[in-house]
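Visitor: Got a file for you: target.csv, CSV, C-alpha atoms and all ligand atoms.
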```
chain,number,residue,atom,x,y,z
A,1,MET,CA,31.0,1.1,-24.1
A,2,LYS,CA,29.8,2.4,-20.8
A,3,GLN,CA,26.8,4.6,-20.4
A,4,PHE,CA,25.5,6.7,-17.5
A,5,GLY,CA,22.4,8.8,-17.2
A,6,ILE,CA,19.7,10.0,-14.9
A,7,THR,CA,16.4,10.0,-16.6
A,8,PRO,CA,13.6,11.2,-14.2
A,9,LYS,CA,13.6,14.7,-13.0
A,10,ILE,CA,14.2,14.6,-9.3
A,11,LEU,CA,12.0,16.8,-7.2
A,12,GLU,CA,12.4,17.2,-3.4
A,13,PHE,CA,9.6,18.5,-1.2
A,14,GLU,CA,9.5,19.0,2.5
A,15,HIS,CA,5.9,18.1,3.0
A,16,CYS,CA,3.3,15.9,1.2
A,17,HIS,CA,0.8,18.7,0.8
A,18,GLU,CA,3.2,20.6,-1.4
A,19,VAL,CA,3.3,17.6,-3.8
A,20,GLY,CA,-0.5,17.7,-4.0
A,21,GLU,CA,-0.5,21.4,-4.8
A,22,HIS,CA,2.3,21.0,-7.4
A,23,PHE,CA,0.7,18.1,-9.3
A,24,GLN,CA,-3.0,18.9,-8.7
A,25,ILE,CA,-3.8,15.1,-8.5
A,26,GLY,CA,-7.3,14.4,-9.6
A,27,LYS,CA,-9.3,13.5,-12.7
A,28,GLY,CA,-7.3,11.6,-15.3
A,29,ASP,CA,-4.9,10.3,-12.6
A,30,LEU,CA,-4.3,6.7,-11.6
A,31,VAL,CA,-2.8,6.7,-8.1
A,32,PHE,CA,-1.3,3.6,-6.4
A,33,ILE,CA,-1.3,4.2,-2.7
A,34,SER,CA,-2.1,2.2,0.4
A,35,ASP,CA,-5.1,3.3,2.5
A,36,ARG,CA,-2.8,4.0,5.4
A,37,THR,CA,-0.4,6.3,3.4
A,38,TYR,CA,-3.5,8.0,1.9
A,39,GLU,CA,-5.1,8.6,5.2
A,40,GLN,CA,-2.0,9.8,6.9
A,41,HIS,CA,-0.4,12.0,4.3
A,42,PHE,CA,-2.5,12.6,1.1
A,43,LYS,CA,-6.1,12.7,2.1
A,44,GLU,CA,-6.3,16.5,1.7
A,45,THR,CA,-4.4,16.6,-1.5
A,46,ILE,CA,-5.6,13.7,-3.7
A,47,SER,CA,-9.0,14.6,-5.1
A,48,ASP,CA,-11.8,12.0,-5.1
A,49,GLN,CA,-11.9,12.2,-8.9
A,50,ALA,CA,-8.5,10.4,-9.1
A,51,CYS,CA,-8.7,6.7,-9.6
A,52,ARG,CA,-7.1,5.4,-6.4
A,53,VAL,CA,-5.9,1.8,-6.1
A,54,ASN,CA,-5.1,0.4,-2.7
A,55,TYR,CA,-2.7,-2.3,-3.8
A,56,ARG,CA,-2.8,-4.0,-0.4
A,57,LYS,CA,-6.3,-5.2,-1.4
A,58,TYR,CA,-4.8,-7.4,-4.1
A,59,VAL,CA,-1.8,-9.0,-2.3
A,60,THR,CA,-0.3,-9.3,1.1
A,61,GLY,CA,3.3,-10.1,0.2
A,62,GLU,CA,5.3,-9.4,-2.9
A,63,PRO,CA,3.4,-8.4,-6.0
A,64,THR,CA,2.8,-11.0,-8.7
A,65,ASP,CA,1.8,-11.0,-12.4
A,66,GLU,CA,-1.7,-12.2,-11.3
A,67,MET,CA,-2.0,-9.2,-9.0
A,68,VAL,CA,-1.2,-6.8,-11.8
A,69,GLU,CA,-3.7,-8.5,-14.1
A,70,ALA,CA,-6.4,-8.3,-11.4
A,71,ILE,CA,-5.8,-4.5,-11.0
A,72,PHE,CA,-5.8,-4.0,-14.7
A,73,ALA,CA,-9.2,-5.9,-15.0
A,74,ASP,CA,-10.7,-3.6,-12.3
A,75,ILE,CA,-9.6,-0.3,-13.8
A,76,LYS,CA,-9.7,-1.0,-17.5
A,77,ASP,CA,-12.7,1.3,-18.1
A,78,ASP,CA,-11.1,4.2,-16.3
A,79,HIS,CA,-9.3,6.7,-18.5
A,80,TYR,CA,-6.1,8.1,-17.2
A,81,ASN,CA,-3.1,9.8,-18.6
A,82,ARG,CA,-0.9,10.1,-15.5
A,83,VAL,CA,0.2,7.3,-13.2
A,84,PHE,CA,1.4,8.0,-9.6
A,85,GLY,CA,3.1,5.3,-7.6
A,86,ILE,CA,3.3,6.2,-3.9
A,87,GLY,CA,4.8,3.4,-1.7
A,88,GLY,CA,7.6,0.9,-1.3
A,89,GLY,CA,9.6,-0.4,-4.2
A,90,THR,CA,7.2,-3.2,-5.0
A,91,ILE,CA,4.3,-0.8,-5.6
A,92,LEU,CA,6.5,1.6,-7.6
A,93,ASP,CA,7.4,-1.4,-9.8
A,94,VAL,CA,3.8,-2.2,-10.3
A,95,ALA,CA,2.9,1.4,-11.1
A,96,LYS,CA,5.5,1.5,-13.8
A,97,LEU,CA,3.7,-1.1,-15.8
A,98,PHE,CA,0.5,1.0,-15.9
A,99,ALA,CA,2.3,3.8,-17.7
A,100,LEU,CA,2.6,1.3,-20.7
A,101,LYS,CA,0.1,1.1,-23.5
A,102,ASN,CA,0.1,-2.8,-23.5
A,103,ASN,CA,0.7,-4.6,-20.2
A,104,VAL,CA,-1.3,-7.8,-20.2
A,105,PRO,CA,-0.7,-10.8,-20.3
A,106,VAL,CA,2.1,-9.7,-17.9
A,107,VAL,CA,4.2,-12.8,-18.6
A,108,ASP,CA,4.2,-11.9,-22.3
A,109,LEU,CA,5.2,-8.3,-21.4
A,110,PHE,CA,8.1,-9.6,-19.3
A,111,ASN,CA,9.2,-11.9,-22.1
A,112,LYS,CA,9.2,-8.9,-24.3
A,113,GLU,CA,6.5,-10.4,-26.6
A,114,LEU,CA,4.3,-7.3,-26.4
A,115,GLU,CA,5.1,-4.0,-28.0
A,116,ILE,CA,6.5,-1.8,-25.3
A,117,VAL,CA,5.2,1.7,-25.6
A,118,LYS,CA,5.0,4.3,-22.7
A,119,ASP,CA,1.9,6.5,-23.3
A,120,LYS,CA,1.3,8.0,-19.8
A,121,GLU,CA,3.2,10.3,-17.6
A,122,LEU,CA,4.8,8.5,-14.6
A,123,ILE,CA,5.4,10.0,-11.2
A,124,LEU,CA,7.0,7.9,-8.5
A,125,ILE,CA,7.1,8.8,-4.8
A,126,PRO,CA,9.0,6.3,-2.5
A,127,THR,CA,7.9,5.8,1.1
A,128,THR,CA,10.9,3.6,2.1
A,129,CYS,CA,14.6,4.2,1.8
A,130,GLY,CA,15.6,1.2,-0.2
A,131,THR,CA,14.7,0.2,-3.6
A,132,GLY,CA,15.7,3.3,-5.7
A,133,SER,CA,12.9,2.1,-8.0
A,134,GLU,CA,12.0,5.8,-8.5
A,135,VAL,CA,15.1,6.3,-10.6
A,136,THR,CA,15.5,3.0,-12.4
A,137,ASN,CA,14.0,1.5,-15.5
A,138,ILE,CA,13.3,-1.9,-13.9
A,139,SER,CA,10.1,-3.6,-12.7
A,140,ILE,CA,10.4,-6.7,-10.7
A,141,LEU,CA,7.5,-9.1,-10.2
A,142,GLU,CA,7.1,-12.6,-8.9
A,143,LEU,CA,6.0,-14.6,-11.9
A,144,THR,CA,3.7,-17.2,-10.5
A,145,ALA,CA,4.4,-19.8,-13.2
A,146,ILE,CA,8.2,-19.9,-12.4
A,147,HIS,CA,7.9,-19.3,-8.6
A,148,SER,CA,10.6,-16.7,-8.8
A,149,LYS,CA,11.1,-13.0,-9.1
A,150,PHE,CA,11.8,-11.8,-12.6
A,151,GLY,CA,12.8,-8.3,-13.8
A,152,LEU,CA,11.9,-6.3,-16.9
A,153,ALA,CA,14.4,-3.6,-17.6
A,154,VAL,CA,13.5,-1.3,-20.5
A,155,ASP,CA,13.8,2.5,-20.8
A,156,GLU,CA,10.0,2.9,-21.2
A,157,LEU,CA,9.8,2.1,-17.5
A,158,TYR,CA,11.6,5.2,-16.4
A,159,ALA,CA,9.5,7.7,-14.4
A,160,ASP,CA,9.1,11.3,-15.6
A,161,TYR,CA,9.5,12.5,-12.1
A,162,ALA,CA,11.0,10.9,-9.0
A,163,VAL,CA,9.6,12.8,-6.0
A,164,LEU,CA,11.5,12.7,-2.6
A,165,ILE,CA,9.6,13.6,0.6
A,166,PRO,CA,11.7,12.5,3.6
A,167,GLU,CA,8.6,13.2,5.8
A,168,LEU,CA,7.1,9.9,4.5
A,169,LEU,CA,9.8,8.0,6.3
A,170,ASN,CA,8.9,9.3,9.7
A,171,ASP,CA,6.6,6.5,10.6
A,172,LEU,CA,8.6,3.7,8.9
A,173,PRO,CA,8.9,0.9,11.5
A,174,MET,CA,12.5,-0.1,12.4
A,175,SER,CA,12.2,-3.4,10.7
A,176,VAL,CA,11.2,-1.8,7.3
A,177,PHE,CA,13.8,0.8,7.7
A,178,ALA,CA,16.4,-1.9,8.3
A,179,THR,CA,15.5,-4.2,5.4
A,180,SER,CA,15.0,-1.3,2.9
A,181,SER,CA,18.2,0.5,3.8
A,182,ILE,CA,20.3,-2.7,3.7
A,183,ASP,CA,18.8,-3.3,0.2
A,184,ALA,CA,20.0,0.2,-0.8
A,185,PHE,CA,23.5,-0.5,0.6
A,186,ILE,CA,23.6,-3.7,-1.4
A,187,HIS,CA,22.5,-1.8,-4.6
A,188,ALA,CA,25.5,0.5,-4.0
A,189,ILE,CA,28.0,-2.3,-3.4
A,190,GLU,CA,26.8,-4.6,-6.2
A,191,SER,CA,26.8,-1.8,-8.8
A,192,TYR,CA,30.3,-0.7,-7.7
A,193,THR,CA,31.8,-4.1,-8.6
A,194,SER,CA,29.7,-4.6,-11.7
A,195,PRO,CA,31.6,-4.8,-15.0
A,196,LYS,CA,29.2,-2.1,-16.2
A,197,ALA,CA,30.3,0.3,-13.5
A,198,SER,CA,31.7,3.6,-14.7
A,199,ALA,CA,33.5,6.4,-12.8
A,200,PHE,CA,30.1,8.2,-12.7
A,201,SER,CA,28.1,5.3,-11.3
A,202,GLN,CA,30.8,4.5,-8.8
A,203,LEU,CA,30.6,8.1,-7.5
A,204,TYR,CA,27.0,7.5,-6.6
A,205,SER,CA,27.7,4.0,-5.2
A,206,LYS,CA,30.5,5.4,-2.9
A,207,LYS,CA,28.5,8.3,-1.6
A,208,ALA,CA,25.5,6.0,-0.9
A,209,MET,CA,27.7,3.4,0.9
A,210,GLU,CA,29.3,6.2,3.0
A,211,MET,CA,26.0,7.7,4.0
A,212,ILE,CA,24.4,4.4,4.9
A,213,ILE,CA,27.4,3.0,6.9
A,214,THR,CA,27.9,6.3,8.8
A,215,GLY,CA,24.2,6.3,9.6
A,216,TYR,CA,24.4,2.7,10.8
A,217,GLN,CA,27.3,3.6,13.0
A,218,THR,CA,25.3,6.3,14.6
A,219,ILE,CA,22.4,3.9,15.2
A,220,ALA,CA,24.7,1.2,16.5
A,221,ASP,CA,26.1,3.7,19.0
A,222,ARG,CA,22.9,5.5,20.1
A,223,GLY,CA,20.0,3.1,19.4
A,224,GLU,CA,17.1,2.8,17.0
A,225,GLU,CA,15.7,6.2,17.6
A,226,ALA,CA,18.9,7.8,16.4
A,227,ARG,CA,17.8,7.0,12.9
A,228,LYS,CA,15.0,9.7,13.0
A,229,PRO,CA,17.2,12.7,12.3
A,230,LEU,CA,19.0,10.7,9.6
A,231,LEU,CA,16.0,9.8,7.5
A,232,ASN,CA,16.6,12.5,4.9
A,233,ASP,CA,20.2,11.2,4.4
A,234,PHE,CA,18.9,7.6,4.0
A,235,MET,CA,16.3,8.7,1.4
A,236,ILE,CA,18.9,10.5,-0.6
A,237,ALA,CA,21.4,7.6,-0.2
A,238,SER,CA,18.8,5.1,-1.5
A,239,THR,CA,18.2,7.3,-4.5
A,240,PHE,CA,21.9,7.6,-5.1
A,241,ALA,CA,22.2,3.8,-4.9
A,242,GLY,CA,19.3,3.6,-7.3
A,243,ILE,CA,21.1,5.8,-9.8
A,244,ALA,CA,24.2,3.6,-9.4
A,245,PHE,CA,22.5,0.3,-9.9
A,246,GLY,CA,20.1,1.7,-12.5
A,247,ASN,CA,23.2,2.3,-14.6
A,248,ALA,CA,25.6,-0.5,-13.6
A,249,GLY,CA,23.2,-3.2,-12.4
A,250,CYS,CA,22.8,-5.5,-9.4
A,251,ALA,CA,24.3,-9.0,-9.5
A,252,ALA,CA,24.6,-12.3,-7.7
A,253,VAL,CA,23.4,-11.2,-4.3
A,254,HIS,CA,20.1,-10.1,-5.8
A,255,ALA,CA,20.0,-13.1,-8.1
A,256,MET,CA,20.5,-15.5,-5.3
A,257,SER,CA,18.1,-13.8,-3.0
A,258,TYR,CA,15.2,-14.1,-5.4
A,259,PRO,CA,14.4,-17.8,-4.9
A,260,LEU,CA,14.6,-17.3,-1.2
A,261,GLY,CA,12.3,-14.3,-1.3
A,262,ALA,CA,9.8,-16.0,-3.6
A,263,VAL,CA,9.6,-19.4,-2.0
A,264,TYR,CA,9.9,-18.5,1.6
A,265,HIS,CA,8.5,-14.9,1.5
A,266,VAL,CA,11.6,-13.4,3.1
A,267,PRO,CA,11.6,-9.5,2.8
A,268,HIS,CA,13.8,-8.5,-0.1
A,269,GLY,CA,16.4,-6.6,1.9
A,270,GLU,CA,16.7,-9.3,4.5
A,271,ALA,CA,17.0,-12.0,1.8
A,272,ASN,CA,19.8,-9.9,0.2
A,273,TYR,CA,21.6,-9.5,3.6
A,274,SER,CA,21.5,-13.3,4.1
A,275,LEU,CA,23.5,-13.8,0.9
A,276,PHE,CA,25.6,-10.6,0.8
A,277,THR,CA,28.8,-11.2,2.7
A,278,GLU,CA,29.3,-14.8,1.5
A,279,VAL,CA,29.0,-13.7,-2.1
A,280,TYR,CA,31.7,-11.0,-1.6
A,281,LYS,CA,34.0,-13.4,0.3
A,282,THR,CA,33.7,-15.7,-2.7
A,283,TYR,CA,34.4,-12.9,-5.2
A,284,GLN,CA,37.4,-12.0,-3.0
A,285,ALA,CA,38.8,-15.5,-3.1
A,286,ILE,CA,38.4,-15.8,-6.9
A,287,ASP,CA,40.0,-12.4,-7.8
A,288,PRO,CA,41.2,-10.1,-5.0
A,289,ASN,CA,42.8,-7.6,-7.4
A,290,GLY,CA,40.0,-6.0,-9.4
A,291,SER,CA,37.5,-3.3,-8.3
A,292,ILE,CA,36.9,-5.3,-5.1
A,293,LYS,CA,40.3,-4.2,-3.9
A,294,GLU,CA,39.5,-0.5,-4.2
A,295,LEU,CA,36.1,-1.2,-2.7
A,296,ASN,CA,37.6,-2.9,0.4
A,297,ILE,CA,40.0,-0.1,0.9
A,298,PHE,CA,37.2,2.4,0.7
A,299,LEU,CA,35.0,0.5,3.1
A,300,ALA,CA,37.9,-0.1,5.5
A,301,GLY,CA,38.4,3.7,5.6
A,302,ILE,CA,34.8,4.3,6.7
A,303,LEU,CA,34.7,1.3,9.1
A,304,GLY,CA,38.1,2.0,10.6
A,305,CYS,CA,39.5,-1.5,10.0
A,306,GLU,CA,41.9,-3.3,7.8
A,307,PRO,CA,40.8,-4.1,4.3
A,308,ALA,CA,41.2,-7.8,4.9
A,309,VAL,CA,38.4,-7.8,7.5
A,310,VAL,CA,35.8,-5.5,5.9
A,311,TYR,CA,33.1,-8.1,5.4
A,312,GLN,CA,33.4,-9.4,9.0
A,313,GLU,CA,33.2,-5.8,10.2
A,314,ILE,CA,30.2,-4.9,8.0
A,315,GLU,CA,28.4,-8.0,9.3
A,316,LYS,CA,29.1,-6.9,12.9
A,317,LEU,CA,27.7,-3.4,12.1
A,318,LEU,CA,24.7,-4.7,10.1
A,319,ASN,CA,23.8,-7.1,13.0
A,320,HIS,CA,23.0,-4.0,15.0
A,321,ILE,CA,20.4,-3.1,12.4
A,322,LEU,CA,19.1,-6.6,11.4
A,323,THR,CA,20.0,-10.1,12.7
A,324,LYS,CA,21.4,-12.3,10.0
A,325,LYS,CA,19.9,-15.8,9.9
A,326,ALA,CA,21.0,-19.1,8.4
A,327,LEU,CA,19.0,-20.2,5.3
A,328,ARG,CA,17.6,-23.2,7.3
A,329,ASP,CA,16.0,-20.7,9.8
A,330,TYR,CA,13.7,-19.5,6.9
A,331,GLY,CA,12.6,-23.1,6.3
A,332,VAL,CA,15.0,-23.7,3.4
A,333,THR,CA,15.7,-27.4,2.9
A,334,LYS,CA,18.9,-29.0,1.6
A,335,ALA,CA,17.0,-30.1,-1.5
A,336,ASP,CA,16.1,-26.5,-2.2
A,337,LEU,CA,19.7,-25.5,-2.5
A,338,GLU,CA,20.2,-27.4,-5.7
A,339,SER,CA,17.0,-26.0,-7.2
A,340,PHE,CA,17.8,-22.5,-6.1
A,341,ALA,CA,21.2,-22.7,-7.7
A,342,ALA,CA,19.7,-24.1,-11.0
A,343,ALA,CA,17.1,-21.3,-11.0
A,344,VAL,CA,19.7,-18.6,-10.5
A,345,MET,CA,21.8,-19.9,-13.4
A,346,THR,CA,18.8,-20.1,-15.8
A,347,LYS,CA,16.3,-17.4,-14.7
A,348,GLN,CA,18.6,-14.7,-13.4
A,349,THR,CA,21.0,-14.3,-16.3
A,350,ARG,CA,20.2,-10.5,-16.5
A,351,LEU,CA,21.7,-10.1,-13.0
A,352,MET,CA,24.4,-12.8,-13.1
A,353,ALA,CA,25.9,-10.9,-16.1
A,354,ASN,CA,26.8,-8.1,-13.7
A,355,ASN,CA,28.9,-10.3,-11.3
A,356,TYR,CA,32.3,-9.0,-10.3
A,357,VAL,CA,33.7,-12.3,-11.6
A,358,PRO,CA,31.6,-15.0,-13.3
A,359,LEU,CA,30.2,-17.6,-10.9
A,360,SER,CA,29.5,-21.2,-12.0
A,361,GLN,CA,26.5,-23.2,-10.8
A,362,ASP,CA,28.9,-25.1,-8.4
A,363,GLN,CA,30.1,-21.9,-6.9
A,364,VAL,CA,26.6,-20.6,-6.5
A,365,LEU,CA,25.6,-23.9,-4.8
A,366,GLY,CA,28.7,-23.6,-2.6
A,367,ILE,CA,27.6,-20.2,-1.4
A,368,TYR,CA,24.1,-21.5,-0.6
A,369,LYS,CA,25.6,-24.5,1.3
A,370,GLN,CA,27.9,-22.3,3.3
A,371,LEU,CA,24.9,-20.2,4.4
A,372,TYR,CA,22.6,-23.2,5.0
A,401,FE,FE,17.2,-4.6,-4.2
```
If you took the structure in this file and wrote it as structure tokens, what would it be?
Guide:
Amino acid sequence: MKQFGITPKILEFEHCHEVGEHFQIGKGDLVFISDRTYEQHFKETISDQACRVNYRKYVTGEPTDEMVEAIFADIKDDHYNRVFGIGGGTILDVAKLFALKNNVPVVDLFNKELEIVKDKELILIPTTCGTGSEVTNISILELTAIHSKFGLAVDELYADYAVLIPELLNDLPMSVFATSSIDAFIHAIESYTSPKASAFSQLYSKKAMEMIITGYQTIADRGEEARKPLLNDFMIASTFAGIAFGNAGCAAVHAMSYPLGAVYHVPHGEANYSLFTEVYKTYQAIDPNGSIKELNIFLAGILGCEPAVVYQEIEKLLNHILTKKALRDYGVTKADLESFAAAVMTKQTRLMANNYVPLSQDQVLGIYKQLY
């Protein structure tokens, strides 16, 4: 059986103040937002009566279970019935957990040892064009005990509203634009070749890939500033990609990027990019005749090249957006490769089940070695 759905209602606004007026954010609301985003965009519209959490106070890099527990300890006496997450994917993922009745100890929650009940309304507002978290039922945290990212995927984590405001992308630095939009592209491509993909999810995957690649072609031709008029397209494309992977799942590229992100603090989209083309070349070598064949023809059409060279051409194009590095450039050691491969096979089974073709530990290790 294949299943497809879009759970949150998707609201689009031109300006941030309209969101404030629509939702009347104040007493009884828990709002996750950075001080910077608050000062720049929401100061006039979020009342002082709201419980506002500046998540940057708790962590500088990727969010962890310990961070979530520290926030929970700080706000446990506040009563709230709506949760707003306004930020990049990591903070949306954290906000999702606060819409649940029981959320600590977080490790128990992620191991599904707590009863999972959603008892608050959840409104998610992305400020990057990458994760698609606003439309997925997944929360990803770094679990300190296992030194790796780990995902909880349950329907109780769906937002009630996904709110899109392209204005929020205006001051996104090029580096964040690059890593987040590459992440969205990889969501689209991994979900396209997932065994769980359906005609419906593939429609969203394809449109997202097309919007992102054509946007990158414009940026490659005209320079970084050319992204500014395209931000609305990138926000929509990342939500499309979120809908696609929320239904069909991400796979080996994400699974294999997690140890790199967790151990060497490589931004998520960048870590994905470092793995992406090699994983697809490996898929291609194992079985060139499944959905990857249609994918390559589709991508070749947008790129204007032969299907046989799409991954080389994509890499050329992506290198205009973000430079690809070897794993050793991040500080990865040869000894890490074995432990990364073992961690992928044991800790990322949720994602590895969505691979285009099954990958063995040796094949995973081979990809890491190729990229070392
Ligand atoms: Fe991702």
Visitor: Do you know which residues are within 7 Å of ligand FE 401 (chain A) using all atoms listed in the file? Can you write them as a VMD selection string?
Guide: chain A and resid 131 183 to 184 187 254 268 to 269
Visitor: Could you check which of A:Cys305, A:Val263, A:Leu317, A:Val117 is closest to Thr333 in chain A, using only C-alpha atoms?
Guide: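 Looking only at the distances to Thr333 in chain A, the closest residue turns out to be A:Val263.
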Visitor: Taking only C-alpha atoms into account, which of A:Tyr330, A:Phe177, A:Tyr216, A:Phe200 comes nearest Glu315 in chain A?
Guide: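 Under the stated criterion, the closest residue is A:Tyr216.
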Visitor: Show me, as a VMD selection string, the residues that have an atom within 10 Å of Lys196 in chain A when counting only C-alpha atoms, minus same-chain residues fewer than 3 positions from it.
Guide: chain A and resid 1 to 4 191 to 193 201 245 247 to 250 353 to 356
Visitor: Do you know which residues are at most 12 Å from Glu121 in chain A counting all atoms listed in the file, after dropping those on the same chain fewer than 4 positions away, and could you put them as number ranges by chain?
Guide: A: 8, 23, 28-31, 80-85, 95-101, 117, 156-162
Visitor: Take the selection from the previous step and output its residues with C-alpha atoms, as an mmCIF file, in the frame of the given file.
Guide:
```cif
data_model
loop_
_atom_site.group_PDB
_atom_site.id
_atom_site.type_symbol
_atom_site.label_atom_id
_atom_site.label_comp_id
_atom_site.auth_asym_id
_atom_site.auth_seq_id
_atom_site.Cartn_x
_atom_site.Cartn_y
_atom_site.Cartn_z
ATOM 1 C CA PRO A 8 13.600 11.200 -14.200
ATOM 2 C CA PHE A 23 0.700 18.100 -9.300
ATOM 3 C CA GLY A 28 -7.300 11.600 -15.300
ATOM 4 C CA ASP A 29 -4.900 10.300 -12.600
ATOM 5 C CA LEU A 30 -4.300 6.700 -11.600
ATOM 6 C CA VAL A 31 -2.800 6.700 -8.100
ATOM 7 C CA TYR A 80 -6.100 8.100 -17.200
ATOM 8 C CA ASN A 81 -3.100 9.800 -18.600
ATOM 9 C CA ARG A 82 -0.900 10.100 -15.500
ATOM 10 C CA VAL A 83 0.200 7.300 -13.200
ATOM 11 C CA PHE A 84 1.400 8.000 -9.600
ATOM 12 C CA GLY A 85 3.100 5.300 -7.600
ATOM 13 C CA ALA A 95 2.900 1.400 -11.100
ATOM 14 C CA LYS A 96 5.500 1.500 -13.800
ATOM 15 C CA LEU A 97 3.700 -1.100 -15.800
ATOM 16 C CA PHE A 98 0.500 1.000 -15.900
ATOM 17 C CA ALA A 99 2.300 3.800 -17.700
ATOM 18 C CA LEU A 100 2.600 1.300 -20.700
ATOM 19 C CA LYS A 101 0.100 1.100 -23.500
ATOM 20 C CA VAL A 117 5.200 1.700 -25.600
ATOM 21 C CA GLU A 156 10.000 2.900 -21.200
ATOM 22 C CA LEU A 157 9.800 2.100 -17.500
ATOM 23 C CA TYR A 158 11.600 5.200 -16.400
ATOM 24 C CA ALA A 159 9.500 7.700 -14.400
ATOM 25 C CA ASP A 160 9.100 11.300 -15.600
ATOM 26 C CA TYR A 161 9.500 12.500 -12.100
ATOM 27 C CA ALA A 162 11.000 10.900 -9.000
#
```
Visitor: When you draw a straight line from CA of Ala262 in chain A to CA of Val106 in chain A, how long is it in Å?
Guide: 17.4 Å
Visitor: Which is closest to Pro307 in chain A among A:Leu322, A:Leu351, A:Pro288, A:Asp155, if we use all atoms listed in the file?
Guide: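 Counting all atoms listed in the file, the residue closest to Pro307 in chain A is A:Pro288.
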Visitor: Please check which residues have atoms at most 7 Å from (22.7, -7.0, 4.6) in the file's coordinates, counting only C-alpha atoms, and write them as a list in words.
Guide: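 Residues close enough to count: Ile182, Asp183, Ile186, Gly269, Glu270, Asn272, Tyr273, Ser274, Phe276 and Leu318 of chain A.
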Visitor: To one decimal in Å, tell me the separation between CA of Ala251 in chain A and CA of Val364 in chain A.
Guide: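 Interatomic distance here is 12.2 Å.
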Visitor: Counting only C-alpha atoms, which of A:Val19, A:Ile213, A:Ala335, A:Met235 gets nearest to Lys369 in chain A?
Guide: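 Result for the nearest residue to Lys369 in chain A: A:Ala335.
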Visitor: Contacts of Thr282 in chain A at 10 Å or less, counting only C-alpha atoms, minus same-chain residues fewer than 5 places along, as a PyMOL selection string?
Guide: chain A and resi 277+287-288+357+359+363-364+366-367
Visitor: Would you please work out which residue, of A:Glu142, A:Glu278, A:Asp48, A:Asp171, is nearest to Arg36 in chain A when using all atoms listed in the file?
Guide: A:Asp171
Visitor: Near range 132-139 of chain A, within 6 Å and counting all atoms listed in the file, which residues show up once chain neighbours fewer than 5 positions away are dropped, as a VMD selection string?
Guide: chain A and resid 89 93 124 151 to 155 157 to 158 162 238 to 239 242 246
Visitor: For Ala178 in chain A, which residue among A:Ala197, A:Val53, A:Cys129, A:Ile123 is the nearest when counting all atoms listed in the file?
Guide: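 Smallest distance to Ala178 in chain A is found for A:Cys129.
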Visitor: What's the separation between CA of Arg56 in chain A and CA of Thr144 in chain A, in Å to one decimal place?
Guide: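 Separation of CA of Arg56 in chain A and CA of Thr144 in chain A: 17.8 Å.
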Visitor: Could you list, as a PDB file with C-alpha atoms, in the frame of the given file, every residue within 12 Å of Asp329 in chain A, counting only C-alpha atoms and ignoring same-chain residues fewer than 2 positions away?
Guide:
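Contents of the output file part19.pdb:
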```pdb
ATOM      1  CA  LEU A 260      14.600 -17.300  -1.200  1.00  0.00           C
ATOM      2  CA  TYR A 264       9.900 -18.500   1.600  1.00  0.00           C
ATOM      3  CA  VAL A 266      11.600 -13.400   3.100  1.00  0.00           C
ATOM      4  CA  ALA A 271      17.000 -12.000   1.800  1.00  0.00           C
ATOM      5  CA  SER A 274      21.500 -13.300   4.100  1.00  0.00           C
ATOM      6  CA  THR A 323      20.000 -10.100  12.700  1.00  0.00           C
ATOM      7  CA  LYS A 324      21.400 -12.300  10.000  1.00  0.00           C
ATOM      8  CA  LYS A 325      19.900 -15.800   9.900  1.00  0.00           C
ATOM      9  CA  ALA A 326      21.000 -19.100   8.400  1.00  0.00           C
ATOM     10  CA  LEU A 327      19.000 -20.200   5.300  1.00  0.00           C
ATOM     11  CA  GLY A 331      12.600 -23.100   6.300  1.00  0.00           C
ATOM     12  CA  VAL A 332      15.000 -23.700   3.400  1.00  0.00           C
ATOM     13  CA  THR A 333      15.700 -27.400   2.900  1.00  0.00           C
ATOM     14  CA  LEU A 371      24.900 -20.200   4.400  1.00  0.00           C
ATOM     15  CA  TYR A 372      22.600 -23.200   5.000  1.00  0.00           C
TER      16      TYR A 372
END
```
Visitor: Could N, CA and C atoms be built for range 232-238 of chain A and written out as a PDB file, keeping the file's coordinate frame?
Guide:
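Output saved as selection.pdb:
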```
ATOM      1  N   ASN A 232      16.383  11.810   6.156  1.00  0.00           N
ATOM      2  CA  ASN A 232      16.600  12.500   4.900  1.00  0.00           C
ATOM      3  C   ASN A 232      17.861  11.957   4.203  1.00  0.00           C
ATOM      4  N   ASP A 233      18.924  11.736   4.994  1.00  0.00           N
ATOM      5  CA  ASP A 233      20.200  11.200   4.400  1.00  0.00           C
ATOM      6  C   ASP A 233      19.898   9.787   3.822  1.00  0.00           C
ATOM      7  N   PHE A 234      19.111   8.982   4.539  1.00  0.00           N
ATOM      8  CA  PHE A 234      18.900   7.600   4.000  1.00  0.00           C
ATOM      9  C   PHE A 234      18.028   7.653   2.755  1.00  0.00           C
ATOM     10  N   MET A 235      17.088   8.596   2.672  1.00  0.00           N
ATOM     11  CA  MET A 235      16.300   8.700   1.400  1.00  0.00           C
ATOM     12  C   MET A 235      17.172   9.090   0.260  1.00  0.00           C
ATOM     13  N   ILE A 236      18.032  10.071   0.493  1.00  0.00           N
ATOM     14  CA  ILE A 236      18.900  10.500  -0.600  1.00  0.00           C
ATOM     15  C   ILE A 236      19.902   9.357  -0.944  1.00  0.00           C
ATOM     16  N   ALA A 237      20.421   8.683   0.087  1.00  0.00           N
ATOM     17  CA  ALA A 237      21.400   7.600  -0.200  1.00  0.00           C
ATOM     18  C   ALA A 237      20.727   6.488  -0.992  1.00  0.00           C
ATOM     19  N   SER A 238      19.460   6.171  -0.697  1.00  0.00           N
ATOM     20  CA  SER A 238      18.800   5.100  -1.500  1.00  0.00           C
ATOM     21  C   SER A 238      18.584   5.512  -2.901  1.00  0.00           C
TER      22      SER A 238
END
```
